[in-house]
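Chemist: mmCIF, N, CA and C atoms, saved as structure00.cif, coming up:
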data_upload
#
loop_
_atom_site.label_atom_id
_atom_site.label_comp_id
_atom_site.auth_asym_id
_atom_site.auth_seq_id
_atom_site.Cartn_x
_atom_site.Cartn_y
_atom_site.Cartn_z
N MET N 1455 13.64 2.56 13.85
CA MET N 1455 12.38 2.07 13.34
C MET N 1455 11.99 0.84 14.14
N ALA N 1456 10.69 0.67 14.29
CA ALA N 1456 10.16 -0.41 15.11
C ALA N 1456 9.77 -1.62 14.24
N LYS N 1457 9.72 -2.75 14.88
CA LYS N 1457 9.30 -3.99 14.23
C LYS N 1457 7.80 -4.15 14.46
N PHE N 1458 7.05 -4.42 13.38
CA PHE N 1458 5.61 -4.57 13.46
C PHE N 1458 5.18 -5.92 12.91
N TYR N 1459 4.17 -6.49 13.56
CA TYR N 1459 3.51 -7.71 13.10
C TYR N 1459 2.16 -7.26 12.55
N VAL N 1460 1.98 -7.42 11.25
CA VAL N 1460 0.81 -6.88 10.57
C VAL N 1460 -0.03 -8.02 10.02
N GLN N 1461 -1.34 -7.98 10.28
CA GLN N 1461 -2.25 -9.02 9.81
C GLN N 1461 -3.43 -8.37 9.09
N CYS N 1462 -3.76 -8.95 7.94
CA CYS N 1462 -4.94 -8.53 7.19
C CYS N 1462 -5.50 -9.77 6.51
N GLY N 1463 -6.61 -10.24 7.02
CA GLY N 1463 -7.20 -11.47 6.48
C GLY N 1463 -6.26 -12.64 6.70
N GLN N 1464 -5.92 -13.35 5.62
CA GLN N 1464 -5.05 -14.51 5.69
C GLN N 1464 -3.57 -14.15 5.56
N THR N 1465 -3.26 -12.87 5.41
CA THR N 1465 -1.89 -12.44 5.17
C THR N 1465 -1.25 -11.89 6.44
N ASP N 1466 -0.10 -12.44 6.79
CA ASP N 1466 0.69 -11.97 7.93
C ASP N 1466 2.01 -11.42 7.40
N LEU N 1467 2.47 -10.33 7.99
CA LEU N 1467 3.68 -9.68 7.52
C LEU N 1467 4.44 -9.14 8.72
N VAL N 1468 5.74 -9.37 8.75
CA VAL N 1468 6.61 -8.80 9.77
C VAL N 1468 7.51 -7.80 9.05
N LEU N 1469 7.53 -6.56 9.54
CA LEU N 1469 8.36 -5.55 8.90
C LEU N 1469 8.78 -4.48 9.89
N THR N 1470 9.77 -3.71 9.49
CA THR N 1470 10.17 -2.55 10.28
C THR N 1470 9.61 -1.32 9.60
N SER N 1471 9.14 -0.39 10.41
CA SER N 1471 8.51 0.80 9.87
C SER N 1471 8.57 1.93 10.89
N ASP N 1472 8.30 3.14 10.39
CA ASP N 1472 8.31 4.31 11.26
C ASP N 1472 7.07 4.40 12.14
N SER N 1473 5.93 3.87 11.63
CA SER N 1473 4.66 4.02 12.35
C SER N 1473 3.72 2.89 11.99
N THR N 1474 2.65 2.77 12.76
CA THR N 1474 1.64 1.76 12.45
C THR N 1474 0.96 2.08 11.13
N GLU N 1475 0.78 3.36 10.82
CA GLU N 1475 0.13 3.75 9.57
C GLU N 1475 0.97 3.34 8.35
N SER N 1476 2.28 3.56 8.41
CA SER N 1476 3.12 3.16 7.28
C SER N 1476 3.22 1.63 7.19
N ALA N 1477 3.13 0.93 8.32
CA ALA N 1477 3.11 -0.54 8.30
C ALA N 1477 1.82 -1.03 7.62
N ALA N 1478 0.70 -0.37 7.92
CA ALA N 1478 -0.57 -0.73 7.29
C ALA N 1478 -0.51 -0.45 5.79
N LEU N 1479 0.10 0.65 5.41
CA LEU N 1479 0.23 1.01 4.00
C LEU N 1479 1.10 -0.02 3.26
N ALA N 1480 2.15 -0.51 3.91
CA ALA N 1480 3.00 -1.54 3.31
C ALA N 1480 2.21 -2.83 3.10
N MET N 1481 1.34 -3.17 4.04
CA MET N 1481 0.50 -4.36 3.89
C MET N 1481 -0.45 -4.21 2.70
N ILE N 1482 -1.12 -3.06 2.61
CA ILE N 1482 -2.04 -2.83 1.50
C ILE N 1482 -1.29 -2.83 0.17
N ASP N 1483 -0.09 -2.30 0.16
CA ASP N 1483 0.71 -2.30 -1.06
C ASP N 1483 0.95 -3.73 -1.53
N ARG N 1484 1.24 -4.61 -0.63
CA ARG N 1484 1.47 -6.01 -1.02
C ARG N 1484 0.18 -6.70 -1.46
N LEU N 1485 -0.92 -6.39 -0.78
CA LEU N 1485 -2.19 -7.03 -1.12
C LEU N 1485 -2.76 -6.53 -2.45
N LEU N 1486 -2.53 -5.26 -2.76
CA LEU N 1486 -3.10 -4.69 -3.98
C LEU N 1486 -2.13 -4.71 -5.17
N GLU N 1487 -0.99 -5.31 -5.00
CA GLU N 1487 -0.01 -5.37 -6.09
C GLU N 1487 -0.61 -5.87 -7.40
N PRO N 1488 -1.46 -6.91 -7.40
CA PRO N 1488 -2.02 -7.37 -8.67
C PRO N 1488 -2.93 -6.34 -9.36
N HIS N 1489 -3.29 -5.27 -8.66
CA HIS N 1489 -4.21 -4.28 -9.22
C HIS N 1489 -3.52 -2.99 -9.64
N ARG N 1490 -2.20 -2.95 -9.60
CA ARG N 1490 -1.49 -1.73 -10.00
C ARG N 1490 -1.70 -1.38 -11.47
N TRP N 1491 -2.00 -2.37 -12.27
CA TRP N 1491 -2.19 -2.15 -13.70
C TRP N 1491 -3.26 -1.10 -13.98
N ILE N 1492 -4.23 -0.94 -13.09
CA ILE N 1492 -5.32 -0.01 -13.35
C ILE N 1492 -4.82 1.43 -13.49
N TYR N 1493 -3.71 1.74 -12.85
CA TYR N 1493 -3.17 3.09 -12.93
C TYR N 1493 -2.43 3.33 -14.24
N ASP N 1494 -2.19 2.27 -15.01
CA ASP N 1494 -1.54 2.39 -16.31
C ASP N 1494 -2.56 2.36 -17.46
N ASP N 1495 -3.81 2.12 -17.15
CA ASP N 1495 -4.86 2.07 -18.17
C ASP N 1495 -5.33 3.49 -18.48
N PRO N 1496 -5.07 3.99 -19.69
CA PRO N 1496 -5.45 5.37 -20.00
C PRO N 1496 -6.97 5.58 -20.06
N ASN N 1497 -7.73 4.49 -20.13
CA ASN N 1497 -9.19 4.60 -20.19
C ASN N 1497 -9.84 4.69 -18.82
N LEU N 1498 -9.05 4.54 -17.76
CA LEU N 1498 -9.59 4.60 -16.41
C LEU N 1498 -9.16 5.91 -15.74
N GLY N 1499 -10.12 6.63 -15.25
CA GLY N 1499 -9.83 7.86 -14.50
C GLY N 1499 -9.54 7.52 -13.04
N GLU N 1500 -9.23 8.55 -12.29
CA GLU N 1500 -8.89 8.36 -10.87
C GLU N 1500 -10.05 7.76 -10.09
N MET N 1501 -11.28 8.21 -10.38
CA MET N 1501 -12.46 7.70 -9.66
C MET N 1501 -12.69 6.22 -9.97
N GLU N 1502 -12.52 5.84 -11.24
CA GLU N 1502 -12.70 4.43 -11.61
C GLU N 1502 -11.65 3.54 -10.94
N CYS N 1503 -10.44 4.05 -10.85
CA CYS N 1503 -9.39 3.29 -10.16
C CYS N 1503 -9.75 3.09 -8.69
N GLN N 1504 -10.21 4.14 -8.05
CA GLN N 1504 -10.59 4.04 -6.64
C GLN N 1504 -11.77 3.08 -6.47
N GLN N 1505 -12.75 3.17 -7.34
CA GLN N 1505 -13.91 2.26 -7.24
C GLN N 1505 -13.48 0.81 -7.42
N HIS N 1506 -12.58 0.56 -8.36
CA HIS N 1506 -12.07 -0.80 -8.57
C HIS N 1506 -11.43 -1.34 -7.29
N LEU N 1507 -10.57 -0.51 -6.67
CA LEU N 1507 -9.89 -0.94 -5.46
C LEU N 1507 -10.87 -1.22 -4.33
N MET N 1508 -11.85 -0.35 -4.16
CA MET N 1508 -12.82 -0.52 -3.08
C MET N 1508 -13.68 -1.77 -3.29
N LEU N 1509 -14.03 -2.05 -4.55
CA LEU N 1509 -14.78 -3.28 -4.82
C LEU N 1509 -13.95 -4.51 -4.52
N GLU N 1510 -12.69 -4.49 -4.92
CA GLU N 1510 -11.80 -5.61 -4.62
C GLU N 1510 -11.67 -5.81 -3.11
N ALA N 1511 -11.51 -4.72 -2.39
CA ALA N 1511 -11.39 -4.81 -0.93
C ALA N 1511 -12.66 -5.35 -0.32
N LEU N 1512 -13.80 -4.88 -0.79
CA LEU N 1512 -15.09 -5.33 -0.26
C LEU N 1512 -15.26 -6.84 -0.46
N MET N 1513 -14.81 -7.33 -1.61
CA MET N 1513 -14.98 -8.75 -1.91
C MET N 1513 -13.92 -9.64 -1.26
N HIS N 1514 -12.69 -9.12 -1.06
CA HIS N 1514 -11.60 -10.01 -0.67
C HIS N 1514 -10.86 -9.68 0.62
N LEU N 1515 -11.09 -8.51 1.19
CA LEU N 1515 -10.33 -8.11 2.37
C LEU N 1515 -11.26 -7.85 3.56
N PRO N 1516 -10.72 -8.02 4.76
CA PRO N 1516 -11.51 -7.65 5.94
C PRO N 1516 -11.57 -6.12 6.05
N THR N 1517 -12.26 -5.62 7.05
CA THR N 1517 -12.42 -4.17 7.20
C THR N 1517 -11.30 -3.53 8.00
N GLU N 1518 -10.41 -4.36 8.57
CA GLU N 1518 -9.35 -3.78 9.38
C GLU N 1518 -8.03 -4.53 9.22
N ILE N 1519 -6.97 -3.81 9.50
CA ILE N 1519 -5.62 -4.36 9.55
C ILE N 1519 -5.22 -4.34 11.01
N LEU N 1520 -4.72 -5.46 11.53
CA LEU N 1520 -4.29 -5.54 12.92
C LEU N 1520 -2.77 -5.44 12.99
N ILE N 1521 -2.30 -4.54 13.86
CA ILE N 1521 -0.87 -4.28 13.96
C ILE N 1521 -0.44 -4.31 15.42
N SER N 1522 0.64 -5.06 15.66
CA SER N 1522 1.17 -5.16 17.02
C SER N 1522 2.70 -5.15 16.95
N GLN N 1523 3.32 -4.72 18.02
CA GLN N 1523 4.77 -4.82 18.13
C GLN N 1523 5.17 -6.02 18.98
N GLN N 1524 4.18 -6.78 19.42
CA GLN N 1524 4.44 -7.92 20.29
C GLN N 1524 4.35 -9.27 19.59
N GLY N 1525 3.55 -9.37 18.51
CA GLY N 1525 3.39 -10.63 17.80
C GLY N 1525 2.04 -10.70 17.12
N PHE N 1526 1.78 -11.83 16.47
CA PHE N 1526 0.52 -12.03 15.76
C PHE N 1526 -0.58 -12.47 16.72
N ASP N 1527 -1.83 -12.24 16.31
CA ASP N 1527 -3.02 -12.68 17.04
C ASP N 1527 -3.07 -12.15 18.47
N ARG N 1528 -2.69 -10.92 18.66
CA ARG N 1528 -2.69 -10.31 19.98
C ARG N 1528 -4.00 -9.56 20.20
N SER N 1529 -4.56 -9.68 21.39
CA SER N 1529 -5.80 -8.98 21.70
C SER N 1529 -5.59 -7.48 21.84
N ASP N 1530 -4.35 -7.06 22.07
CA ASP N 1530 -4.05 -5.63 22.22
C ASP N 1530 -3.54 -5.00 20.91
N ALA N 1531 -3.70 -5.69 19.79
CA ALA N 1531 -3.24 -5.16 18.50
C ALA N 1531 -4.05 -3.93 18.12
N GLN N 1532 -3.38 -2.97 17.49
CA GLN N 1532 -4.06 -1.76 17.02
C GLN N 1532 -4.79 -2.08 15.73
N SER N 1533 -5.98 -1.55 15.59
CA SER N 1533 -6.79 -1.76 14.40
C SER N 1533 -6.73 -0.52 13.50
N ILE N 1534 -6.40 -0.75 12.23
CA ILE N 1534 -6.34 0.33 11.23
C ILE N 1534 -7.37 0.00 10.16
N SER N 1535 -8.14 0.98 9.75
CA SER N 1535 -9.20 0.81 8.75
C SER N 1535 -8.61 0.47 7.38
N VAL N 1536 -9.11 -0.61 6.78
CA VAL N 1536 -8.68 -0.98 5.42
C VAL N 1536 -9.13 0.08 4.41
N PRO N 1537 -10.40 0.53 4.42
CA PRO N 1537 -10.79 1.54 3.44
C PRO N 1537 -9.97 2.83 3.53
N GLU N 1538 -9.66 3.29 4.71
CA GLU N 1538 -8.85 4.50 4.85
C GLU N 1538 -7.42 4.28 4.34
N THR N 1539 -6.87 3.10 4.60
CA THR N 1539 -5.52 2.79 4.14
C THR N 1539 -5.50 2.65 2.62
N ILE N 1540 -6.54 2.07 2.05
CA ILE N 1540 -6.63 1.97 0.60
C ILE N 1540 -6.71 3.37 -0.01
N GLN N 1541 -7.43 4.27 0.64
CA GLN N 1541 -7.52 5.64 0.15
C GLN N 1541 -6.13 6.30 0.13
N MET N 1542 -5.34 6.07 1.17
CA MET N 1542 -3.97 6.62 1.20
C MET N 1542 -3.13 6.01 0.08
N TRP N 1543 -3.24 4.69 -0.11
CA TRP N 1543 -2.48 4.00 -1.16
C TRP N 1543 -2.89 4.52 -2.54
N HIS N 1544 -4.20 4.68 -2.72
CA HIS N 1544 -4.73 5.21 -3.99
C HIS N 1544 -4.16 6.60 -4.26
N ALA N 1545 -4.13 7.45 -3.24
CA ALA N 1545 -3.59 8.81 -3.40
C ALA N 1545 -2.12 8.76 -3.80
N LEU N 1546 -1.37 7.83 -3.23
CA LEU N 1546 0.05 7.67 -3.59
C LEU N 1546 0.19 7.21 -5.04
N MET N 1547 -0.62 6.25 -5.46
CA MET N 1547 -0.57 5.76 -6.85
C MET N 1547 -0.97 6.86 -7.84
N VAL N 1548 -1.99 7.64 -7.50
CA VAL N 1548 -2.41 8.75 -8.36
C VAL N 1548 -1.28 9.77 -8.46
N GLY N 1549 -0.63 10.04 -7.35
CA GLY N 1549 0.51 10.98 -7.37
C GLY N 1549 1.62 10.49 -8.26
N ILE N 1550 1.93 9.21 -8.18
CA ILE N 1550 2.97 8.63 -9.04
C ILE N 1550 2.56 8.74 -10.50
N ARG N 1551 1.29 8.43 -10.77
CA ARG N 1551 0.78 8.50 -12.14
C ARG N 1551 0.91 9.93 -12.69
N ARG N 1552 0.53 10.92 -11.90
CA ARG N 1552 0.62 12.31 -12.34
C ARG N 1552 2.07 12.74 -12.58
N LEU N 1553 2.97 12.32 -11.70
CA LEU N 1553 4.38 12.65 -11.88
C LEU N 1553 4.94 12.05 -13.17
N ILE N 1554 4.56 10.82 -13.45
CA ILE N 1554 5.03 10.16 -14.67
C ILE N 1554 4.56 10.93 -15.90
N VAL N 1555 3.29 11.33 -15.89
CA VAL N 1555 2.74 12.06 -17.04
C VAL N 1555 3.43 13.41 -17.19
N ARG N 1556 3.56 14.14 -16.10
CA ARG N 1556 4.17 15.48 -16.17
C ARG N 1556 5.64 15.43 -16.56
N ALA N 1557 6.32 14.39 -16.13
CA ALA N 1557 7.74 14.26 -16.46
C ALA N 1557 7.96 13.71 -17.86
N GLY N 1558 6.89 13.22 -18.49
CA GLY N 1558 7.01 12.67 -19.83
C GLY N 1558 7.78 11.37 -19.87
N LEU N 1559 7.76 10.64 -18.77
CA LEU N 1559 8.50 9.37 -18.70
C LEU N 1559 7.76 8.28 -19.44
N ASP N 1560 8.51 7.38 -20.01
CA ASP N 1560 7.94 6.22 -20.68
C ASP N 1560 7.98 5.05 -19.70
N ARG N 1561 7.36 5.23 -18.58
CA ARG N 1561 7.31 4.19 -17.54
C ARG N 1561 5.87 3.97 -17.14
N LYS N 1562 5.64 2.87 -16.51
CA LYS N 1562 4.32 2.53 -16.01
C LYS N 1562 4.33 2.61 -14.49
N VAL N 1563 3.18 2.91 -13.91
CA VAL N 1563 3.05 2.96 -12.45
C VAL N 1563 3.40 1.59 -11.88
N ALA N 1564 2.91 0.53 -12.50
CA ALA N 1564 3.17 -0.82 -11.99
C ALA N 1564 4.66 -1.13 -11.95
N VAL N 1565 5.40 -0.66 -12.95
CA VAL N 1565 6.84 -0.93 -13.01
C VAL N 1565 7.55 -0.16 -11.90
N LEU N 1566 7.23 1.12 -11.76
CA LEU N 1566 7.87 1.92 -10.72
C LEU N 1566 7.48 1.44 -9.32
N ALA N 1567 6.23 1.10 -9.13
CA ALA N 1567 5.79 0.65 -7.82
C ALA N 1567 6.45 -0.68 -7.46
N ARG N 1568 6.64 -1.53 -8.45
CA ARG N 1568 7.28 -2.81 -8.20
C ARG N 1568 8.74 -2.64 -7.83
N SER N 1569 9.29 -1.46 -8.10
CA SER N 1569 10.69 -1.21 -7.78
C SER N 1569 10.88 -0.81 -6.32
N ARG N 1570 9.91 -1.05 -5.50
CA ARG N 1570 9.96 -0.80 -4.06
C ARG N 1570 9.81 0.68 -3.72
N MET N 1571 9.22 1.46 -4.62
CA MET N 1571 9.01 2.88 -4.38
C MET N 1571 8.17 3.10 -3.12
N ILE N 1572 7.19 2.25 -2.87
CA ILE N 1572 6.34 2.40 -1.70
C ILE N 1572 7.18 2.27 -0.43
N ASP N 1573 8.07 1.29 -0.39
CA ASP N 1573 8.92 1.12 0.79
C ASP N 1573 9.77 2.36 1.05
N PHE N 1574 10.34 2.92 -0.02
CA PHE N 1574 11.18 4.10 0.14
C PHE N 1574 10.36 5.31 0.57
N ALA N 1575 9.12 5.40 0.14
CA ALA N 1575 8.29 6.55 0.51
C ALA N 1575 7.92 6.51 1.99
N ASN N 1576 8.03 5.35 2.61
CA ASN N 1576 7.61 5.21 4.00
C ASN N 1576 8.76 5.01 4.98
N THR N 1577 9.97 5.16 4.53
CA THR N 1577 11.10 4.98 5.43
C THR N 1577 11.94 6.24 5.46
N GLN N 1578 12.59 6.44 6.57
CA GLN N 1578 13.48 7.58 6.68
C GLN N 1578 14.76 7.28 5.91
N PRO N 1579 15.37 8.30 5.35
CA PRO N 1579 16.64 8.05 4.66
C PRO N 1579 17.71 7.56 5.62
N ARG N 1580 18.51 6.65 5.15
CA ARG N 1580 19.59 6.11 5.99
C ARG N 1580 20.81 6.99 5.85
N LEU N 1581 21.41 7.29 6.96
CA LEU N 1581 22.61 8.11 6.95
C LEU N 1581 23.83 7.24 6.79
N PRO N 1582 24.84 7.70 6.07
CA PRO N 1582 26.06 6.91 5.91
C PRO N 1582 26.77 6.77 7.24
N ARG N 1583 27.44 5.68 7.39
CA ARG N 1583 28.17 5.42 8.65
C ARG N 1583 29.57 5.97 8.58
#
Using C-alpha coordinates, write down the structure that the file contains.
Modeler:
Amino acid sequence: MAKFYVQCGQTDLVLTSDSTESAALAMIDRLLEPHRWIYDDPNLGEMECQQHLMLEALMHLPTEILISQQGFDRSDAQSISVPETIQMWHALMVGIRRLIVRAGLDRKVAVLARSRMIDFANTQPRLPR
(Lines of atoms letter the chains of each structure in order from A and count residues from 1; the text may use other names and numbers.)
(Lines give C-alpha, C1' and ligand atoms only; values in the text may rest on other atoms or scores of the structure.)
Protein backbone atom coordinates (compact mmCIF):
# COMPACT_ATOMS: atom_id res chain seq x y z
CA MET A 1 0.00 0.00 0.00
CA ALA A 2 1.15 3.50 -0.80
CA LYS A 3 1.47 6.54 1.42
CA PHE A 4 -0.81 9.44 0.45
CA TYR A 5 -0.93 13.09 1.48
CA VAL A 6 -4.58 14.10 1.32
CA GLN A 7 -5.90 17.67 1.55
CA CYS A 8 -9.48 18.91 1.66
CA GLY A 9 -10.01 22.49 2.73
CA GLN A 10 -8.27 23.07 6.05
CA THR A 11 -7.83 19.34 6.74
CA ASP A 12 -4.59 17.51 5.94
CA LEU A 13 -4.25 13.76 6.34
CA VAL A 14 -1.37 11.34 5.80
CA LEU A 15 -2.40 7.72 5.34
CA THR A 16 -1.61 4.48 3.58
CA SER A 17 -4.13 3.21 1.10
CA ASP A 18 -4.60 1.02 -1.94
CA SER A 19 -5.57 3.88 -4.27
CA THR A 20 -6.19 7.60 -4.51
CA GLU A 21 -9.94 6.92 -4.52
CA SER A 22 -9.85 5.02 -1.23
CA ALA A 23 -7.62 7.75 0.25
CA ALA A 24 -10.23 10.34 -0.79
CA LEU A 25 -12.97 8.19 0.74
CA ALA A 26 -11.02 8.00 4.02
CA MET A 27 -10.77 11.80 4.06
CA ILE A 28 -14.51 12.23 3.47
CA ASP A 29 -15.20 9.66 6.18
CA ARG A 30 -13.29 11.76 8.68
CA LEU A 31 -14.88 15.02 7.55
CA LEU A 32 -18.44 13.68 7.60
CA GLU A 33 -18.13 11.79 10.89
CA PRO A 34 -20.33 14.33 12.74
CA HIS A 35 -23.13 13.60 10.24
CA ARG A 36 -23.30 9.81 10.60
CA TRP A 37 -26.29 10.20 12.90
CA ILE A 38 -28.53 10.90 9.90
CA TYR A 39 -28.31 7.24 8.88
CA ASP A 40 -29.72 6.24 12.28
CA ASP A 41 -32.73 8.57 12.06
CA PRO A 42 -35.74 6.45 11.04
CA ASN A 43 -37.54 9.57 9.78
CA LEU A 44 -34.90 10.26 7.12
CA GLY A 45 -34.90 8.33 3.87
CA GLU A 46 -31.87 7.71 1.68
CA MET A 47 -32.57 10.79 -0.47
CA GLU A 48 -32.86 13.07 2.57
CA CYS A 49 -29.58 11.73 3.91
CA GLN A 50 -27.86 12.42 0.60
CA GLN A 51 -29.34 15.92 0.40
CA HIS A 52 -28.16 16.67 3.94
CA LEU A 53 -24.61 15.59 3.06
CA MET A 54 -24.53 17.59 -0.16
CA LEU A 55 -25.77 20.73 1.61
CA GLU A 56 -23.12 20.33 4.30
CA ALA A 57 -20.45 19.87 1.63
CA LEU A 58 -21.68 22.89 -0.31
CA MET A 59 -21.50 25.06 2.80
CA HIS A 60 -18.29 23.74 4.38
CA LEU A 61 -16.10 21.84 1.91
CA PRO A 62 -14.22 22.72 -1.25
CA THR A 63 -15.14 21.02 -4.53
CA GLU A 64 -12.04 18.84 -4.68
CA ILE A 65 -9.73 16.68 -2.63
CA LEU A 66 -6.02 16.96 -3.48
CA ILE A 67 -3.95 13.80 -3.21
CA SER A 68 -0.23 13.33 -3.69
CA GLN A 69 2.36 10.70 -2.85
CA GLN A 70 5.05 13.37 -2.62
CA GLY A 71 3.71 15.75 0.06
CA PHE A 72 1.23 18.53 0.79
CA ASP A 73 0.59 21.58 -1.40
CA ARG A 74 2.03 19.99 -4.53
CA SER A 75 1.16 21.41 -7.94
CA ASP A 76 1.12 17.86 -9.36
CA ALA A 77 -1.44 16.56 -6.82
CA GLN A 78 -4.33 14.56 -8.23
CA SER A 79 -7.74 16.18 -7.86
CA ILE A 80 -10.71 14.04 -6.79
CA SER A 81 -14.27 15.42 -6.86
CA VAL A 82 -15.79 15.96 -3.40
CA PRO A 83 -19.39 15.43 -4.60
CA GLU A 84 -18.49 12.13 -6.29
CA THR A 85 -16.60 10.95 -3.20
CA ILE A 86 -19.51 11.92 -0.97
CA GLN A 87 -21.79 9.88 -3.24
CA MET A 88 -19.53 6.84 -2.75
CA TRP A 89 -19.47 7.39 1.03
CA HIS A 90 -23.26 7.80 1.07
CA ALA A 91 -23.66 4.51 -0.84
CA LEU A 92 -21.44 2.77 1.72
CA MET A 93 -23.44 4.20 4.65
CA VAL A 94 -26.75 3.20 2.99
CA GLY A 95 -25.36 -0.31 2.48
CA ILE A 96 -24.38 -0.54 6.15
CA ARG A 97 -27.81 0.74 7.15
CA ARG A 98 -29.57 -1.88 5.00
CA LEU A 99 -27.38 -4.68 6.35
CA ILE A 100 -28.14 -3.67 9.92
CA VAL A 101 -31.88 -3.68 9.24
CA ARG A 102 -31.85 -7.01 7.40
CA ALA A 103 -29.71 -8.66 10.04
CA GLY A 104 -31.98 -7.39 12.80
CA LEU A 105 -29.04 -5.96 14.70
CA ASP A 106 -29.56 -3.56 17.55
CA ARG A 107 -26.72 -1.34 16.38
CA LYS A 108 -26.48 2.10 14.88
CA VAL A 109 -24.64 3.06 11.69
CA ALA A 110 -22.71 5.70 13.64
CA VAL A 111 -21.51 3.11 16.17
CA LEU A 112 -20.39 0.63 13.52
CA ALA A 113 -18.79 3.30 11.36
CA ARG A 114 -16.92 4.67 14.35
CA SER A 115 -15.45 1.21 14.81
CA ARG A 116 -13.20 1.82 11.80
CA MET A 117 -15.41 -0.16 9.40
CA ILE A 118 -14.60 2.34 6.63
CA ASP A 119 -10.87 1.71 7.02
CA PHE A 120 -11.36 -2.04 6.82
CA ALA A 121 -13.58 -1.72 3.74
CA ASN A 122 -10.78 0.08 1.92
CA THR A 123 -7.78 -2.03 2.83
CA GLN A 124 -6.63 -5.40 1.67
CA PRO A 125 -6.68 -8.16 4.26
CA ARG A 126 -3.35 -8.69 5.97
CA LEU A 127 -1.85 -12.11 5.65
CA PRO A 128 -0.35 -13.77 8.72
CA ARG A 129 3.42 -13.89 8.84
Chemist: Quote the spacing between atom C of N:Val1468 and atom C of N:Ser1529 in Å to one decimal place.
Modeler: 18.3 Å
Chemist: Identify, with DSSP run on backbone atoms, the residues in stretch 1459-1492 of chain N assigned to alpha helix (DSSP H), and express the list as a list in words.
Modeler: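 In stretch 1459-1492 of chain N, DSSP puts these residues in alpha helix (DSSP H): Thr1474, Glu1475, Ser1476, Ala1477, Ala1478, Leu1479, Ala1480, Met1481, Ile1482, Asp1483, Arg1484 and Leu1485 of chain N.
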Chemist: In Å, rounded to a single decimal, give me how far atom CA of N:Ser1473 is from atom CA of N:His1544.
Modeler: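 Atom CA of N:Ser1473 lies 18.9 Å from atom CA of N:His1544.
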Chemist: So how far away is atom CA of N:Val1460 from atom CA of N:Gly1525, in Å?
Modeler: 8.5 Å
Chemist: Using only C-alpha atoms, which protein or nucleic acid residues come within 12 Å of N:Gln1464? Drop anything in the same chain fewer than 4 positions from it, and give the result as a PyMOL selection string.
Modeler: chain N and resi 1460+1481+1485+1514-1516+1519-1520+1526-1527
Chemist: Neighbours of N:Glu1502 within 12 Å (only C-alpha atoms; same-chain residues fewer than 4 positions away dropped), as JSON, numbers by chain?
Modeler: {"N": [1492, 1493, 1495, 1496, 1497, 1498, 1506, 1507, 1508, 1509, 1544, 1548]}
Chemist: Care to translate the PyMOL selection byres ((chain N and resi 1523) around 6.5) into actual residues of this file, as a list in words?
Modeler: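 For this structure, the PyMOL selection byres ((chain N and resi 1523) around 6.5) captures Lys1457, Phe1458, Tyr1459, Ile1521, Ser1522, Gln1524 and Gly1525 of chain N.
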Chemist: Output as an mmCIF file, in the frame of the given file: stretch 1506-1517 of chain N, completed with N, CA, C and O atoms.
Modeler:
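Written output follows (selection39.cif):
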data_model
loop_
_atom_site.group_PDB
_atom_site.id
_atom_site.type_symbol
_atom_site.label_atom_id
_atom_site.label_comp_id
_atom_site.auth_asym_id
_atom_site.auth_seq_id
_atom_site.Cartn_x
_atom_site.Cartn_y
_atom_site.Cartn_z
ATOM 1 N N HIS N 1506 -12.580 0.560 -8.360
ATOM 2 C CA HIS N 1506 -12.070 -0.800 -8.570
ATOM 3 C C HIS N 1506 -11.430 -1.340 -7.290
ATOM 4 O O HIS N 1506 -11.691 -2.459 -6.872
ATOM 5 N N LEU N 1507 -10.570 -0.510 -6.670
ATOM 6 C CA LEU N 1507 -9.890 -0.940 -5.460
ATOM 7 C C LEU N 1507 -10.870 -1.220 -4.330
ATOM 8 O O LEU N 1507 -10.747 -2.210 -3.603
ATOM 9 N N MET N 1508 -11.850 -0.350 -4.160
ATOM 10 C CA MET N 1508 -12.820 -0.520 -3.080
ATOM 11 C C MET N 1508 -13.680 -1.770 -3.290
ATOM 12 O O MET N 1508 -13.987 -2.477 -2.342
ATOM 13 N N LEU N 1509 -14.030 -2.050 -4.550
ATOM 14 C CA LEU N 1509 -14.780 -3.280 -4.820
ATOM 15 C C LEU N 1509 -13.950 -4.510 -4.520
ATOM 16 O O LEU N 1509 -14.440 -5.489 -3.940
ATOM 17 N N GLU N 1510 -12.690 -4.490 -4.920
ATOM 18 C CA GLU N 1510 -11.800 -5.610 -4.620
ATOM 19 C C GLU N 1510 -11.670 -5.810 -3.110
ATOM 20 O O GLU N 1510 -11.701 -6.934 -2.619
ATOM 21 N N ALA N 1511 -11.510 -4.720 -2.390
ATOM 22 C CA ALA N 1511 -11.390 -4.810 -0.930
ATOM 23 C C ALA N 1511 -12.660 -5.350 -0.320
ATOM 24 O O ALA N 1511 -12.623 -6.190 0.597
ATOM 25 N N LEU N 1512 -13.800 -4.880 -0.790
ATOM 26 C CA LEU N 1512 -15.090 -5.330 -0.260
ATOM 27 C C LEU N 1512 -15.260 -6.840 -0.460
ATOM 28 O O LEU N 1512 -15.758 -7.534 0.422
ATOM 29 N N MET N 1513 -14.810 -7.330 -1.610
ATOM 30 C CA MET N 1513 -14.980 -8.750 -1.910
ATOM 31 C C MET N 1513 -13.920 -9.640 -1.260
ATOM 32 O O MET N 1513 -14.195 -10.798 -0.966
ATOM 33 N N HIS N 1514 -12.690 -9.120 -1.060
ATOM 34 C CA HIS N 1514 -11.600 -10.010 -0.670
ATOM 35 C C HIS N 1514 -10.860 -9.680 0.620
ATOM 36 O O HIS N 1514 -10.056 -10.485 1.078
ATOM 37 N N LEU N 1515 -11.090 -8.510 1.190
ATOM 38 C CA LEU N 1515 -10.330 -8.110 2.370
ATOM 39 C C LEU N 1515 -11.260 -7.850 3.560
ATOM 40 O O LEU N 1515 -12.415 -7.480 3.383
ATOM 41 N N PRO N 1516 -10.720 -8.020 4.760
ATOM 42 C CA PRO N 1516 -11.510 -7.650 5.940
ATOM 43 C C PRO N 1516 -11.570 -6.120 6.050
ATOM 44 O O PRO N 1516 -10.974 -5.395 5.245
ATOM 45 N N THR N 1517 -12.260 -5.620 7.050
ATOM 46 C CA THR N 1517 -12.420 -4.170 7.200
ATOM 47 C C THR N 1517 -11.300 -3.530 8.000
ATOM 48 O O THR N 1517 -11.247 -2.303 8.097
#
